[in-house]
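Participant: This is work15.txt (compact mmCIF, C-alpha atoms).
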# COMPACT_ATOMS: atom_id res chain seq x y z
CA MET S 188 -13.04 -68.12 -61.36
CA VAL S 189 -15.07 -65.68 -59.26
CA LEU S 190 -18.64 -66.59 -58.30
CA ARG S 191 -20.99 -63.61 -58.48
CA LEU S 192 -23.60 -64.53 -55.88
CA GLY S 193 -27.02 -63.17 -55.08
CA VAL S 194 -28.97 -63.91 -51.91
CA ILE S 195 -32.71 -64.29 -51.40
CA GLY S 196 -33.58 -64.05 -47.73
CA ALA S 197 -30.92 -62.01 -45.94
CA GLY S 198 -31.83 -63.08 -42.41
CA LEU S 199 -29.62 -64.32 -39.59
CA LYS S 200 -28.51 -67.52 -41.34
CA ALA S 201 -27.48 -65.69 -44.51
CA ALA S 202 -25.73 -62.98 -42.51
CA ASP S 203 -23.79 -65.61 -40.58
CA TYR S 204 -22.58 -67.22 -43.82
CA ALA S 205 -21.83 -63.80 -45.35
CA ARG S 206 -19.21 -63.11 -42.67
CA GLY S 207 -17.05 -65.80 -44.24
CA TRP S 208 -18.21 -65.72 -47.84
CA ALA S 209 -17.72 -61.97 -48.32
CA ALA S 210 -14.09 -62.31 -47.24
CA MET S 211 -13.35 -65.01 -49.85
CA PRO S 212 -11.59 -63.66 -52.97
CA GLU S 213 -13.39 -66.22 -55.15
CA VAL S 214 -16.86 -65.03 -54.03
CA GLN S 215 -18.53 -61.68 -54.70
CA ILE S 216 -21.91 -61.13 -53.05
CA VAL S 217 -23.37 -58.76 -55.61
CA ALA S 218 -27.04 -58.55 -54.61
CA ALA S 219 -29.49 -59.40 -51.84
CA ALA S 220 -33.30 -59.52 -51.77
CA GLU S 221 -35.06 -59.22 -48.42
CA VAL S 222 -38.50 -57.92 -47.41
CA SER S 223 -37.18 -56.61 -44.07
CA THR S 224 -35.23 -53.38 -44.53
CA GLY S 225 -33.55 -53.93 -41.17
CA SER S 226 -32.32 -57.39 -42.14
CA LEU S 227 -31.17 -56.12 -45.54
CA GLU S 228 -29.18 -53.32 -43.90
CA ARG S 229 -27.63 -55.74 -41.39
CA PHE S 230 -26.62 -58.11 -44.21
CA ALA S 231 -25.02 -55.30 -46.21
CA GLY S 232 -23.14 -54.19 -43.12
CA VAL S 233 -21.78 -57.69 -42.59
CA CYS S 234 -20.44 -57.72 -46.16
CA GLU S 235 -18.80 -54.32 -45.74
CA ALA S 236 -17.28 -55.34 -42.40
CA ALA S 237 -15.64 -58.29 -44.18
CA GLY S 238 -13.98 -55.87 -46.60
CA ALA S 239 -16.33 -56.51 -49.52
CA ALA S 240 -18.41 -54.11 -51.57
CA ARG S 241 -21.95 -53.39 -50.44
CA PRO S 242 -24.36 -55.67 -52.37
CA GLU S 243 -27.17 -54.11 -54.36
CA GLY S 244 -30.34 -54.36 -52.27
CA PHE S 245 -33.83 -55.35 -53.41
CA ALA S 246 -37.12 -55.61 -51.56
CA ASP S 247 -38.41 -58.10 -54.15
CA ALA S 248 -36.67 -61.32 -55.26
CA ASP S 249 -38.13 -61.30 -58.77
CA ALA S 250 -36.83 -57.78 -59.30
CA MET S 251 -33.35 -58.90 -58.26
CA LEU S 252 -33.42 -61.89 -60.63
CA ALA S 253 -34.47 -59.68 -63.54
CA THR S 254 -32.21 -56.70 -62.81
CA MET S 255 -29.07 -58.76 -62.21
CA GLN S 256 -29.15 -60.68 -65.49
CA GLY S 257 -25.57 -60.81 -66.82
CA LYS S 258 -24.21 -59.53 -63.49
CA MET S 259 -24.91 -62.55 -61.30
CA ASP S 260 -24.04 -66.26 -61.68
CA ALA S 261 -25.86 -68.01 -58.86
CA VAL S 262 -28.27 -67.46 -55.97
CA TYR S 263 -28.33 -68.65 -52.37
CA VAL S 264 -31.90 -69.00 -51.02
CA SER S 265 -32.36 -68.74 -47.26
CA THR S 266 -36.00 -67.75 -46.79
CA PRO S 267 -38.51 -69.35 -44.36
CA HIS S 268 -39.28 -72.93 -45.40
CA VAL S 269 -42.65 -72.40 -47.04
CA PHE S 270 -41.13 -70.00 -49.60
CA HIS S 271 -38.34 -72.34 -50.73
CA GLY S 272 -40.33 -73.98 -53.51
CA ALA S 273 -41.36 -70.77 -55.28
CA ASN S 274 -37.98 -69.09 -54.70
CA ALA S 275 -36.04 -72.09 -56.03
CA LEU S 276 -38.17 -72.39 -59.16
CA ALA S 277 -37.86 -68.67 -59.86
CA VAL S 278 -34.06 -68.82 -59.58
CA VAL S 279 -33.68 -71.85 -61.86
CA GLU S 280 -36.19 -70.57 -64.43
CA ALA S 281 -34.35 -67.22 -64.52
CA GLY S 282 -31.20 -69.06 -65.58
CA TYR S 283 -29.15 -69.02 -62.38
CA ASP S 284 -27.49 -71.87 -60.51
CA LEU S 285 -28.92 -72.45 -57.04
CA LEU S 286 -27.64 -73.14 -53.53
CA LEU S 287 -30.82 -73.86 -51.56
CA GLU S 288 -31.00 -73.86 -47.78
CA LYS S 289 -32.45 -76.89 -46.01
CA PRO S 290 -35.06 -78.35 -46.00
CA MET S 291 -35.31 -78.30 -49.78
CA VAL S 292 -39.06 -77.68 -50.11
CA THR S 293 -42.13 -78.39 -47.99
CA THR S 294 -44.08 -80.84 -50.19
CA GLN S 295 -43.54 -83.66 -52.66
CA ASP S 296 -45.30 -81.67 -55.39
CA GLU S 297 -42.82 -78.81 -54.98
CA ALA S 298 -39.93 -81.28 -55.08
CA LEU S 299 -41.20 -82.81 -58.32
CA LYS S 300 -41.51 -79.38 -59.92
CA LEU S 301 -37.98 -78.44 -58.92
CA ALA S 302 -36.60 -81.75 -60.18
CA GLU S 303 -38.30 -81.20 -63.55
CA ALA S 304 -37.02 -77.62 -63.80
CA GLU S 305 -33.47 -78.69 -62.91
CA LYS S 306 -33.51 -81.36 -65.61
CA ARG S 307 -35.06 -79.10 -68.25
CA THR S 308 -32.81 -76.08 -67.67
CA GLY S 309 -29.58 -77.92 -66.87
CA ARG S 310 -28.89 -75.59 -63.93
CA THR S 311 -26.78 -76.70 -60.97
CA VAL S 312 -28.82 -77.15 -57.78
CA VAL S 313 -27.19 -78.06 -54.45
CA ILE S 314 -29.10 -78.45 -51.17
CA ALA S 315 -27.29 -77.05 -48.13
CA PHE S 316 -27.64 -79.96 -45.71
CA GLN S 317 -24.48 -80.43 -43.63
CA GLY S 318 -25.01 -84.20 -43.64
CA GLY S 319 -25.72 -84.23 -47.35
CA LEU S 320 -22.46 -82.33 -48.00
CA SER S 321 -20.36 -84.34 -45.52
CA PRO S 322 -17.52 -86.37 -47.09
CA LEU S 323 -17.78 -88.76 -44.13
CA ILE S 324 -21.45 -89.50 -44.89
CA HIS S 325 -20.77 -90.10 -48.58
CA ASP S 326 -17.77 -92.31 -47.83
CA THR S 327 -20.08 -94.36 -45.59
CA ARG S 328 -22.65 -94.69 -48.38
CA ASP S 329 -19.97 -95.68 -50.90
CA ARG S 330 -18.60 -98.36 -48.58
CA ALA S 331 -22.12 -99.69 -48.03
CA ARG S 332 -22.70 -99.80 -51.80
CA ARG S 333 -19.52 -101.84 -52.20
CA GLY S 334 -20.96 -104.39 -49.78
CA GLU S 335 -18.41 -103.80 -47.05
CA PHE S 336 -21.09 -103.80 -44.32
CA GLY S 337 -23.37 -106.47 -45.77
CA GLU S 338 -27.13 -106.03 -46.17
CA LEU S 339 -28.98 -103.25 -44.38
CA VAL S 340 -31.25 -104.76 -41.73
CA SER S 341 -32.63 -101.78 -39.79
CA VAL S 342 -32.00 -98.16 -38.84
CA ASN S 343 -32.63 -96.49 -35.48
CA THR S 344 -32.49 -92.70 -35.29
CA SER S 345 -33.10 -89.95 -32.76
CA ILE S 346 -32.56 -86.20 -32.53
CA TRP S 347 -33.21 -83.81 -29.68
CA GLU S 348 -32.93 -80.08 -28.87
CA GLY S 349 -34.32 -77.45 -26.53
CA TRP S 350 -36.12 -76.20 -29.64
CA LYS S 351 -39.35 -75.11 -27.93
CA ASP S 352 -37.52 -72.45 -25.91
CA ASN S 353 -34.82 -71.68 -28.49
CA TYR S 354 -37.34 -70.54 -31.11
CA ALA S 355 -40.25 -69.35 -28.96
CA GLY S 356 -42.19 -66.66 -30.83
CA GLN S 357 -40.15 -67.07 -34.02
CA TRP S 358 -41.33 -68.02 -37.53
CA LYS S 359 -40.11 -71.61 -37.14
CA GLN S 360 -43.04 -72.20 -34.76
CA ASP S 361 -45.58 -70.57 -37.12
CA PRO S 362 -47.15 -73.30 -39.31
CA ALA S 363 -48.12 -70.76 -41.99
CA ILE S 364 -44.48 -70.27 -42.99
CA SER S 365 -42.49 -73.07 -41.36
CA GLY S 366 -43.98 -76.08 -43.17
CA GLY S 367 -43.78 -78.08 -39.94
CA GLY S 368 -42.32 -78.06 -36.47
CA PHE S 369 -39.28 -79.63 -34.84
CA MET S 370 -39.30 -82.74 -37.03
CA PHE S 371 -39.20 -80.66 -40.22
CA ASP S 372 -36.67 -78.14 -38.90
CA THR S 373 -33.89 -79.76 -36.87
CA GLY S 374 -35.29 -83.23 -37.61
CA ALA S 375 -34.79 -82.55 -41.32
CA HIS S 376 -31.06 -83.13 -40.83
CA MET S 377 -31.79 -86.59 -39.42
CA MET S 378 -34.27 -87.51 -42.16
CA ASN S 379 -32.03 -86.27 -44.97
CA THR S 380 -28.96 -88.15 -43.72
CA VAL S 381 -31.01 -91.34 -43.45
CA CYS S 382 -32.30 -90.79 -47.01
CA VAL S 383 -28.69 -90.54 -48.22
CA LEU S 384 -27.33 -93.53 -46.33
CA ALA S 385 -30.30 -95.90 -46.56
CA ASP S 386 -30.01 -95.50 -50.34
CA SER S 387 -33.54 -96.83 -50.88
CA GLU S 388 -37.05 -95.46 -51.23
CA PHE S 389 -39.48 -95.45 -48.31
CA VAL S 390 -42.59 -97.52 -49.14
CA ARG S 391 -44.77 -97.50 -46.01
CA LEU S 392 -44.80 -95.83 -42.59
CA SER S 393 -46.80 -95.03 -39.48
CA ALA S 394 -46.25 -91.74 -37.62
CA PHE S 395 -47.38 -90.07 -34.42
CA ALA S 396 -46.85 -86.41 -33.50
CA ASN S 397 -47.47 -84.36 -30.35
CA ASN S 398 -47.54 -80.56 -30.43
CA ARG S 399 -47.35 -80.24 -26.61
CA GLY S 400 -49.20 -76.92 -26.67
CA LEU S 401 -47.55 -75.44 -29.77
CA ARG S 402 -49.13 -74.93 -33.18
CA VAL S 403 -46.53 -77.25 -34.74
CA ASP S 404 -45.17 -80.69 -33.91
CA LEU S 405 -42.72 -80.86 -31.03
CA ALA S 406 -42.31 -84.63 -30.60
CA THR S 407 -42.59 -87.16 -33.44
CA ALA S 408 -42.20 -90.93 -33.67
CA VAL S 409 -42.13 -92.84 -36.98
CA ALA S 410 -41.84 -96.50 -37.94
CA ALA S 411 -41.15 -97.14 -41.64
CA ARG S 412 -40.20 -99.79 -44.18
CA LEU S 413 -37.79 -99.27 -47.08
CA ALA S 414 -38.04 -100.78 -50.55
CA ASN S 415 -34.93 -102.86 -49.76
CA GLY S 416 -36.80 -104.46 -46.83
CA ALA S 417 -34.95 -102.66 -44.03
CA LEU S 418 -36.94 -101.09 -41.19
CA VAL S 419 -36.44 -97.53 -39.92
CA THR S 420 -37.49 -95.77 -36.72
CA PHE S 421 -37.30 -92.00 -36.20
CA ASN S 422 -37.66 -90.20 -32.88
CA ALA S 423 -37.60 -86.42 -32.54
CA ALA S 424 -37.91 -84.52 -29.26
CA GLY S 425 -37.89 -80.73 -29.39
CA GLU S 426 -38.42 -80.03 -25.71
CA GLY S 427 -35.80 -80.59 -23.07
CA PRO S 428 -32.60 -79.17 -21.59
CA PRO S 429 -30.31 -76.88 -23.60
CA GLY S 430 -28.26 -78.42 -26.37
CA CYS S 431 -28.80 -80.25 -29.64
CA ALA S 432 -27.56 -83.71 -30.64
CA SER S 433 -28.46 -86.81 -32.62
CA ALA S 434 -27.65 -90.49 -32.91
CA ILE S 435 -28.25 -92.62 -36.01
CA THR S 436 -27.43 -96.33 -36.00
CA PHE S 437 -27.39 -98.49 -39.14
CA PHE S 438 -27.58 -102.21 -38.44
CA TYR S 439 -26.04 -104.19 -41.31
CA SER S 440 -25.60 -107.94 -41.53
CA LYS S 441 -21.80 -107.56 -41.14
CA ALA S 442 -21.37 -104.28 -39.26
CA ILE S 443 -22.97 -101.64 -37.05
CA VAL S 444 -22.40 -98.08 -38.23
CA ARG S 445 -23.20 -95.02 -36.13
CA VAL S 446 -23.21 -91.43 -37.40
CA ASP S 447 -24.71 -88.13 -36.37
CA ALA S 448 -27.18 -86.16 -38.48
CA TRP S 449 -24.64 -83.50 -39.54
CA GLY S 450 -21.81 -85.81 -40.60
CA LYS S 451 -19.53 -84.69 -37.75
CA TRP S 452 -18.53 -88.20 -36.65
CA ARG S 453 -18.81 -91.88 -37.51
CA GLU S 454 -18.30 -95.11 -35.56
CA ILE S 455 -17.84 -98.50 -37.20
CA ALA S 456 -17.68 -101.18 -34.50
CA ASP S 457 -15.59 -99.48 -31.79
CA ILE S 458 -13.60 -97.13 -34.06
CA ARG S 459 -14.69 -93.49 -33.90
CA GLU S 460 -13.66 -91.20 -36.77
CA GLU S 461 -13.99 -87.44 -36.90
CA GLY S 462 -15.30 -85.93 -40.12
CA GLU S 463 -15.49 -82.58 -41.84
CA VAL S 464 -18.68 -80.59 -41.27
CA ARG S 465 -19.30 -78.19 -44.16
CA ASP S 466 -21.10 -75.43 -42.30
CA THR S 467 -20.15 -73.05 -45.13
CA PRO S 468 -21.29 -74.95 -48.23
CA ILE S 469 -20.26 -72.35 -50.78
CA GLN S 470 -16.99 -74.17 -51.60
CA THR S 471 -18.87 -77.38 -52.36
CA PHE S 472 -21.43 -75.49 -54.46
CA MET S 473 -18.67 -73.85 -56.50
CA ALA S 474 -16.87 -77.18 -57.03
CA VAL S 475 -20.10 -78.77 -58.28
CA ARG S 476 -20.99 -76.00 -60.72
CA GLU S 477 -17.41 -75.96 -62.06
CA GLY S 478 -17.48 -79.74 -62.63
CA ARG S 479 -14.77 -80.54 -60.08
CA LEU S 480 -17.10 -82.54 -57.80
CA ASP S 481 -20.18 -84.70 -58.27
CA ASN S 482 -23.18 -83.10 -56.56
CA PRO S 483 -23.30 -84.61 -53.04
CA SER S 484 -26.65 -83.06 -52.04
CA THR S 485 -29.08 -83.39 -54.91
CA VAL S 486 -32.66 -82.53 -55.76
CA ALA S 487 -33.21 -86.26 -56.31
CA ASN S 488 -32.40 -86.97 -52.68
CA GLY S 489 -34.52 -83.98 -51.71
CA LEU S 490 -37.44 -85.57 -53.55
CA ARG S 491 -36.97 -88.78 -51.51
CA PHE S 492 -36.97 -86.62 -48.37
CA ALA S 493 -40.11 -84.75 -49.50
CA LYS S 494 -42.00 -88.01 -50.09
CA LEU S 495 -41.02 -89.15 -46.59
CA TRP S 496 -42.18 -85.88 -45.01
CA ASP S 497 -45.52 -85.87 -46.83
CA ALA S 498 -46.18 -89.44 -45.67
CA ILE S 499 -45.25 -88.58 -42.07
CA LYS S 500 -47.70 -85.67 -42.07
CA ALA S 501 -50.44 -87.82 -43.58
CA SER S 502 -50.00 -90.64 -41.06
CA ALA S 503 -49.64 -88.34 -38.05
CA ALA S 504 -52.84 -86.53 -39.05
CA GLN S 505 -54.61 -89.91 -38.85
CA ASP S 506 -53.11 -90.77 -35.44
CA GLY S 507 -50.60 -93.26 -36.77
CA THR S 508 -52.59 -94.93 -39.54
CA ALA S 509 -50.10 -96.64 -41.83
CA VAL S 510 -49.76 -94.98 -45.24
CA ASP S 511 -47.94 -95.84 -48.45
CA VAL S 512 -45.15 -93.49 -49.43
Let's see the structure in the file written out as structure tokens.
Facilitator:
Amino acid sequence: MVLRLGVIGAGLKAADYARGWAAMPEVQIVAAAEVSTGSLERFAGVCEAAGAARPEGFADADAMLATMQGKMDAVYVSTPHVFHGANALAVVEAGYDLLLEKPMVTTQDEALKLAEAEKRTGRTVVIAFQGGLSPLIHDTRDRARRGEFGELVSVNTSIWEGWKDNYAGQWKQDPAISGGGFMFDTGAHMMNTVCVLADSEFVRLSAFANNRGLRVDLATAVAARLANGALVTFNAAGEGPPGCASAITFFYSKAIVRVDAWGKWREIADIREEGEVRDTPIQTFMAVREGRLDNPSTVANGLRFAKLWDAIKASAAQDGTAVDV
């Protein structure tokens, strides 16, 4: 079965994926919508360089969704964060399956609307978080559900990157279109993986954020409580030396489990295991929509993430005042 794929947001991330996707015989990139003519031309060139046909180009996403009816099966959305909610709803309502770049949406209200639309239309929606798509992360959650590790007691997490310099002057540091700063961008991987593995709703938290001269958060600290009684701490630092890494530790009553935010590795006690990082999530998306795999990165988990992010913003805006989630 060949997947006829459209793309909304043909920027650098989409072009990077297209280098591999366009060369796959089971994928045809048939259309792309992008407001920047330069980015659209670069994306088309990447597809042609991979030996694929040049996708039909559109300056407007709605025009692509309407024009490609009957010629397109699914859409990959890779626009700046603040546009995810509207783009995702438009794709689902137009009758297409959706592979949505992380973070899913920017607010809880947008997440609720997408969850309702997914349920009503029956469309397949997969969120492109590496951790959310990692078999190693889901094996860890399944083992925890079976009681292998005992009860979850607490979670300690941290993530760091030279993000301030890496994205200086780019849209990720513009609050009008980013939806947040370092915590919502790179930190989203950490938060999403914790949402998957903690397997419980957040009920209350206190958060502090420091912009350190930017218009968006650069350092964030959060203390939270889950519905299952476990406690969670998040620490995000977006200023420092080059590089990007994370460390997430789950303290259970019978085991200590360590993972990274992207599902690249896991340690249980002193045993380190290497995992598969699905940096090109199209294979997982296709397996889900064809019924060969249960959706490992769902809108439901994205809603849990969105509730967490809204609460963090609310608490940080009040200088750490505890808020209910």
Participant: Determine the nearest neighbour of S:Pro362 from the options S:Asp511, S:Glu388, S:Glu235, S:Asp404, counting only C-alpha atoms.
Facilitator: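 Going through S:Asp511, S:Glu388, S:Glu235, S:Asp404 one by one, the smallest distance to S:Pro362 is for S:Asp404.
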Participant: Would you work out the distance separating atom CA of S:Ala218 from atom CA of S:Ile314, expressed in Å to one decimal?
Facilitator: 20.3 Å
Participant: Quick one: pull the distance between atom CA of S:Asn397 and atom CA of S:Thr344, Å, one decimal.
Facilitator: 17.8 Å
Participant: To one decimal place, how far is atom CA of S:Leu384 from atom CA of S:Asp329 in Å?
Facilitator: 8.9 Å
Participant: With all atoms listed in the file counted, which protein, DNA or RNA residues have an atom no more than 12 Å from (-32.9, -67.2, -60.0) in the file frame? Please answer as a PyMOL selection string.
Facilitator: chain S and resi 192-195+218-220+248-257+259-264+271-287+304-305+308+310-312
Participant: Between S:Ala205, S:Val510, S:Ala504, S:Ala298, which one has atoms that come closest to S:Ala410, using all atoms listed in the file?
Facilitator: S:Val510
Participant: Dump as a tab-separated table (two decimals) with C-alpha atoms, in the coordinates of the input all residues having an atom at most 8 Å from (-38.3, -64.6, -46.5), computed in the file's coordinates with only C-alpha atoms.
Facilitator:
chain	number	residue	atom	x	y	z
S	195	ILE	CA	-32.71	-64.29	-51.40
S	196	GLY	CA	-33.58	-64.05	-47.73
S	197	ALA	CA	-30.92	-62.01	-45.94
S	198	GLY	CA	-31.83	-63.08	-42.41
S	221	GLU	CA	-35.06	-59.22	-48.42
S	222	VAL	CA	-38.50	-57.92	-47.41
S	265	SER	CA	-32.36	-68.74	-47.26
S	266	THR	CA	-36.00	-67.75	-46.79
S	267	PRO	CA	-38.51	-69.35	-44.36
S	270	PHE	CA	-41.13	-70.00	-49.60
